[in-house]
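First comes the structure, then the notes that go with it.
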Amino acid sequence: MVRVSQSLGIKGSQKWIQKVVNEKPELLTNKILEHLNKNEQIYWLSPREEDEYAEYSDKELLNLLETNLEKRPLSSFWPVGGPHWDGLGKSDTDKLFLVEAKSHISELYSCVGAKGKSLDLIRRSLEEVKQYLAQKSPVDWSNGFYQYANRLAHLYLFRTLNGKSAYLVFLYFVNDSEMGGPSSITEWKAAIKLLHTFLGIRQHKLQRYVLDIFIDVSKL
């Protein structure tokens, strides 16, 4: 069970996701609804100022979303200490939104830090996702763009294995000059295309449930 309180963000994606959720949630909500072509309400559950800007993972993540993974439990798919989500939301029709935020391109790169049995479970689950997506590249998803891969794996867990109406939202901030971030959506898209090519997922079964959202920090 993991709930981690956060300080007020002073720079980077932590700063901007806090500002979006607490000050201008309609920016994020409207962009998501445009992608989904829906008209409904999304309630942003984290990071909330009144909740110490907390980030959630593991059982606390499920508790906050008021959902359960009955068919394939989280514990059988991923070890304790899984992804800490930058943002979490739920709609009035029970859609679940798992948000990962980035403000500069170097944030895309990451490698697994787990060891032993935890690493074994992660690699088995990543391999399961690769097979489901018919991804045939020999690239090791636990290195290079591991964070993107493990977020995609959790979408697979929620939606494919448990039938939840879940969406994975990658929120990319534009014009974060303090962090040297991209100054255009085009620049972000070029980096994302490279990431997709590396992972071998330029087209896949879950892509309609993966939303790339771009917000210019000048609007915050």
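Chain labels follow the order of the structure tokens: the first chain is A, the next B, and so on; residue numbering restarts at 1 in every chain, and ligands are counted from 1 in their shown order.
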
Against range 32-52 of chain A, which residues of range 104-169 of chain A fall within 12 Å? For each one I want the closest pair of atoms and the distance in Å (one decimal), counting only C-alpha atoms, rows by chain and increasing residue number, as JSON lines.
{"residue": "A:Tyr167", "atom": "CA", "partner": "A:Ile32", "partner_atom": "CA", "distance": 9.8}
{"residue": "A:Leu168", "atom": "CA", "partner": "A:Ile32", "partner_atom": "CA", "distance": 10.6}
{"residue": "A:Val169", "atom": "CA", "partner": "A:Ile32", "partner_atom": "CA", "distance": 8.3}

Val4 in chain A environment, 8 Å, only C-alpha atoms, sequence neighbours closer than 5 positions dropped, as number ranges by chain: A: 54-56

What does the file look like for those residues with N, CA and C atoms, as an mmCIF file, in the first residue's frame?
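Output file out-v1.cif follows:
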data_model
loop_
_atom_site.group_PDB
_atom_site.id
_atom_site.type_symbol
_atom_site.label_atom_id
_atom_site.label_comp_id
_atom_site.auth_asym_id
_atom_site.auth_seq_id
_atom_site.Cartn_x
_atom_site.Cartn_y
_atom_site.Cartn_z
ATOM 1 N N ALA A 54 -0.390 14.118 -3.105
ATOM 2 C CA ALA A 54 0.087 12.735 -3.010
ATOM 3 C C ALA A 54 0.055 12.011 -4.356
ATOM 4 N N GLU A 55 1.036 11.120 -4.533
ATOM 5 C CA GLU A 55 1.075 10.197 -5.657
ATOM 6 C C GLU A 55 0.747 8.809 -5.126
ATOM 7 N N TYR A 56 0.080 8.009 -5.950
ATOM 8 C CA TYR A 56 -0.429 6.716 -5.507
ATOM 9 C C TYR A 56 0.111 5.576 -6.352
#

Backbone DSSP call of strand (DSSP E) for range 76-133 of chain A, listed as JSON, numbers by chain: {"A": [87, 88, 89, 90, 91, 96, 97, 98, 99, 100, 101, 102]}

Minimum-distance residue to Ala114 in chain A, chosen among A:Leu27, A:Leu152, A:Ala101, A:Val80 (using only C-alpha atoms):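 Among the listed residues, the smallest separation from Ala114 in chain A belongs to A:Val80.
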
Kindly assemble as a Markdown table a list of the range 98-125 of chain A residues that lie within 12 Å of range 129-137 of chain A, each paired with its nearest atom pair and their distance in Å to one decimal, using only C-alpha atoms, sorted first by chain and then by ascending residue number.
| residue | atom | partner | partner_atom | distance |
| --- | --- | --- | --- | --- |
| A:Ile122 | CA | A:Val129 | CA | 10.7 |
| A:Arg123 | CA | A:Val129 | CA | 9.9 |
| A:Arg124 | CA | A:Val129 | CA | 8.8 |
| A:Ser125 | CA | A:Val129 | CA | 6.3 |

Could you write out that same residue set with N, CA and C atoms as a short mmCIF file (atom, residue, chain, number, x, y, z; two decimals), in the first residue's frame?
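out-v1.cif written:
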data_model
loop_
_atom_site.label_atom_id
_atom_site.label_comp_id
_atom_site.auth_asym_id
_atom_site.auth_seq_id
_atom_site.Cartn_x
_atom_site.Cartn_y
_atom_site.Cartn_z
N ILE A 122 8.59 -8.65 -13.14
CA ILE A 122 8.47 -7.53 -14.09
C ILE A 122 8.77 -8.00 -15.51
N ARG A 123 9.83 -8.73 -15.67
CA ARG A 123 10.22 -9.18 -17.01
C ARG A 123 9.21 -10.17 -17.59
N ARG A 124 8.64 -11.02 -16.76
CA ARG A 124 7.61 -11.95 -17.24
C ARG A 124 6.38 -11.18 -17.72
N SER A 125 5.99 -10.16 -16.95
CA SER A 125 4.80 -9.39 -17.31
C SER A 125 5.05 -8.55 -18.56
#

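With only C-alpha atoms as the atoms that count, the minimum distance from Gly181 in chain A to the choices A:Leu61, A:Val139, A:Val217, A:Leu195 is reached by A:Val217.
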
Contact residues around Ile17 in chain A with only C-alpha atoms at 12 Å, ignoring same-chain residues under 5 positions, as JSON, numbers by chain: {"A": [8, 9, 10, 11, 12, 22, 23, 24, 25, 27, 28, 44, 46, 47, 48, 49, 53, 54, 55, 85, 86, 87, 88, 99, 100, 101, 102, 103, 170, 171, 172, 173, 214, 215, 216, 217, 220]}

Distance in Å - CA of Ala166 in chain A versus CA of Phe97 in chain A: 5.9 Å

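The space separating CA of Lys15 in chain A from CA of Tyr156 in chain A comes to 28.4 Å.
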
Long-range neighbours of Tyr148 in chain A as a ChimeraX atom specification, 10 Å cut-off, only C-alpha atoms, 6 positions minimum in chain: /A:100,108-110,141-142,170,195-196,199

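Interatomic distance, CA of Val112 in chain A against CA of Asp58 in chain A: 17.0 Å.
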
Which residue of A:Ile192, A:Leu126, A:Val21, A:Leu65 approaches His104 in chain A most closely, using only C-alpha atoms: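 Once distances to His104 in chain A are computed over only C-alpha atoms, the minimum belongs to A:Ile192.
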
All alpha helix (DSSP H) residues (DSSP, backbone) inside range 21-220 of chain A, as a ChimeraX atom specification: /A:21-23,25-36,58-65,116-132,146-155,185-199

Using the selection just defined, write its residues with C-alpha atoms as a PDB file, in the first residue's frame.
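Output file again.pdb is given in full below:
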ATOM      1  CA  VAL A  21      -5.076  19.439 -11.661  1.00  0.00           C
ATOM      2  CA  ASN A  22      -5.576  22.086  -8.991  1.00  0.00           C
ATOM      3  CA  GLU A  23      -5.924  25.298 -10.986  1.00  0.00           C
ATOM      4  CA  PRO A  25      -8.284  20.902 -14.670  1.00  0.00           C
ATOM      5  CA  GLU A  26     -10.542  21.803 -17.595  1.00  0.00           C
ATOM      6  CA  LEU A  27      -7.463  22.101 -19.831  1.00  0.00           C
ATOM      7  CA  LEU A  28      -6.631  18.448 -19.312  1.00  0.00           C
ATOM      8  CA  THR A  29     -10.237  17.269 -19.197  1.00  0.00           C
ATOM      9  CA  ASN A  30     -11.241  18.975 -22.436  1.00  0.00           C
ATOM     10  CA  LYS A  31      -8.255  17.646 -24.365  1.00  0.00           C
ATOM     11  CA  ILE A  32      -9.001  14.112 -23.203  1.00  0.00           C
ATOM     12  CA  LEU A  33     -12.689  14.388 -24.097  1.00  0.00           C
ATOM     13  CA  GLU A  34     -11.731  15.671 -27.562  1.00  0.00           C
ATOM     14  CA  HIS A  35      -9.743  12.473 -28.095  1.00  0.00           C
ATOM     15  CA  LEU A  36     -12.577  10.309 -26.833  1.00  0.00           C
ATOM     16  CA  ASP A  58      -0.124  -0.410  -5.497  1.00  0.00           C
ATOM     17  CA  LYS A  59      -3.230  -1.037  -3.359  1.00  0.00           C
ATOM     18  CA  GLU A  60      -3.661   2.660  -2.539  1.00  0.00           C
ATOM     19  CA  LEU A  61      -3.979   3.344  -6.268  1.00  0.00           C
ATOM     20  CA  LEU A  62      -6.889   0.912  -6.498  1.00  0.00           C
ATOM     21  CA  ASN A  63      -8.488   2.316  -3.351  1.00  0.00           C
ATOM     22  CA  LEU A  64      -8.356   5.872  -4.671  1.00  0.00           C
ATOM     23  CA  LEU A  65      -9.926   4.816  -7.973  1.00  0.00           C
ATOM     24  CA  GLY A 116      15.738 -10.684  -7.746  1.00  0.00           C
ATOM     25  CA  LYS A 117      12.173 -12.040  -7.745  1.00  0.00           C
ATOM     26  CA  SER A 118      10.743  -8.572  -8.334  1.00  0.00           C
ATOM     27  CA  LEU A 119      12.770  -8.205 -11.515  1.00  0.00           C
ATOM     28  CA  ASP A 120      11.752 -11.691 -12.643  1.00  0.00           C
ATOM     29  CA  LEU A 121       8.055 -10.839 -12.246  1.00  0.00           C
ATOM     30  CA  ILE A 122       8.468  -7.529 -14.091  1.00  0.00           C
ATOM     31  CA  ARG A 123      10.221  -9.178 -17.010  1.00  0.00           C
ATOM     32  CA  ARG A 124       7.612 -11.953 -17.242  1.00  0.00           C
ATOM     33  CA  SER A 125       4.804  -9.388 -17.313  1.00  0.00           C
ATOM     34  CA  LEU A 126       6.552  -7.195 -19.869  1.00  0.00           C
ATOM     35  CA  GLU A 127       7.091 -10.248 -22.062  1.00  0.00           C
ATOM     36  CA  GLU A 128       3.400 -11.128 -21.709  1.00  0.00           C
ATOM     37  CA  VAL A 129       2.445  -7.648 -22.890  1.00  0.00           C
ATOM     38  CA  LYS A 130       4.849  -7.855 -25.835  1.00  0.00           C
ATOM     39  CA  GLN A 131       3.308 -11.147 -26.917  1.00  0.00           C
ATOM     40  CA  TYR A 132      -0.230  -9.746 -26.617  1.00  0.00           C
ATOM     41  CA  TYR A 146      11.272   1.168 -19.264  1.00  0.00           C
ATOM     42  CA  GLN A 147       8.879   3.665 -17.678  1.00  0.00           C
ATOM     43  CA  TYR A 148       6.805   3.954 -20.840  1.00  0.00           C
ATOM     44  CA  ALA A 149       6.759   0.160 -21.125  1.00  0.00           C
ATOM     45  CA  ASN A 150       5.646  -0.420 -17.549  1.00  0.00           C
ATOM     46  CA  ARG A 151       2.860   2.169 -17.871  1.00  0.00           C
ATOM     47  CA  LEU A 152       1.667   0.380 -21.011  1.00  0.00           C
ATOM     48  CA  ALA A 153       1.839  -2.888 -19.086  1.00  0.00           C
ATOM     49  CA  HIS A 154      -0.482  -1.501 -16.423  1.00  0.00           C
ATOM     50  CA  LEU A 155      -2.967  -0.405 -19.065  1.00  0.00           C
ATOM     51  CA  ILE A 185       4.276  19.661 -30.213  1.00  0.00           C
ATOM     52  CA  THR A 186       6.203  18.630 -33.331  1.00  0.00           C
ATOM     53  CA  GLU A 187       9.385  18.255 -31.305  1.00  0.00           C
ATOM     54  CA  TRP A 188       7.613  16.091 -28.744  1.00  0.00           C
ATOM     55  CA  LYS A 189       6.057  13.935 -31.461  1.00  0.00           C
ATOM     56  CA  ALA A 190       9.455  13.272 -33.026  1.00  0.00           C
ATOM     57  CA  ALA A 191      10.782  12.001 -29.691  1.00  0.00           C
ATOM     58  CA  ILE A 192       7.682   9.900 -29.103  1.00  0.00           C
ATOM     59  CA  LYS A 193       7.990   8.367 -32.575  1.00  0.00           C
ATOM     60  CA  LEU A 194      11.562   7.350 -31.781  1.00  0.00           C
ATOM     61  CA  LEU A 195      10.402   5.779 -28.509  1.00  0.00           C
ATOM     62  CA  HIS A 196       7.640   3.855 -30.274  1.00  0.00           C
ATOM     63  CA  THR A 197      10.058   2.637 -32.925  1.00  0.00           C
ATOM     64  CA  PHE A 198      12.535   1.445 -30.302  1.00  0.00           C
ATOM     65  CA  LEU A 199       9.851  -0.481 -28.422  1.00  0.00           C
TER      66      LEU A 199
END
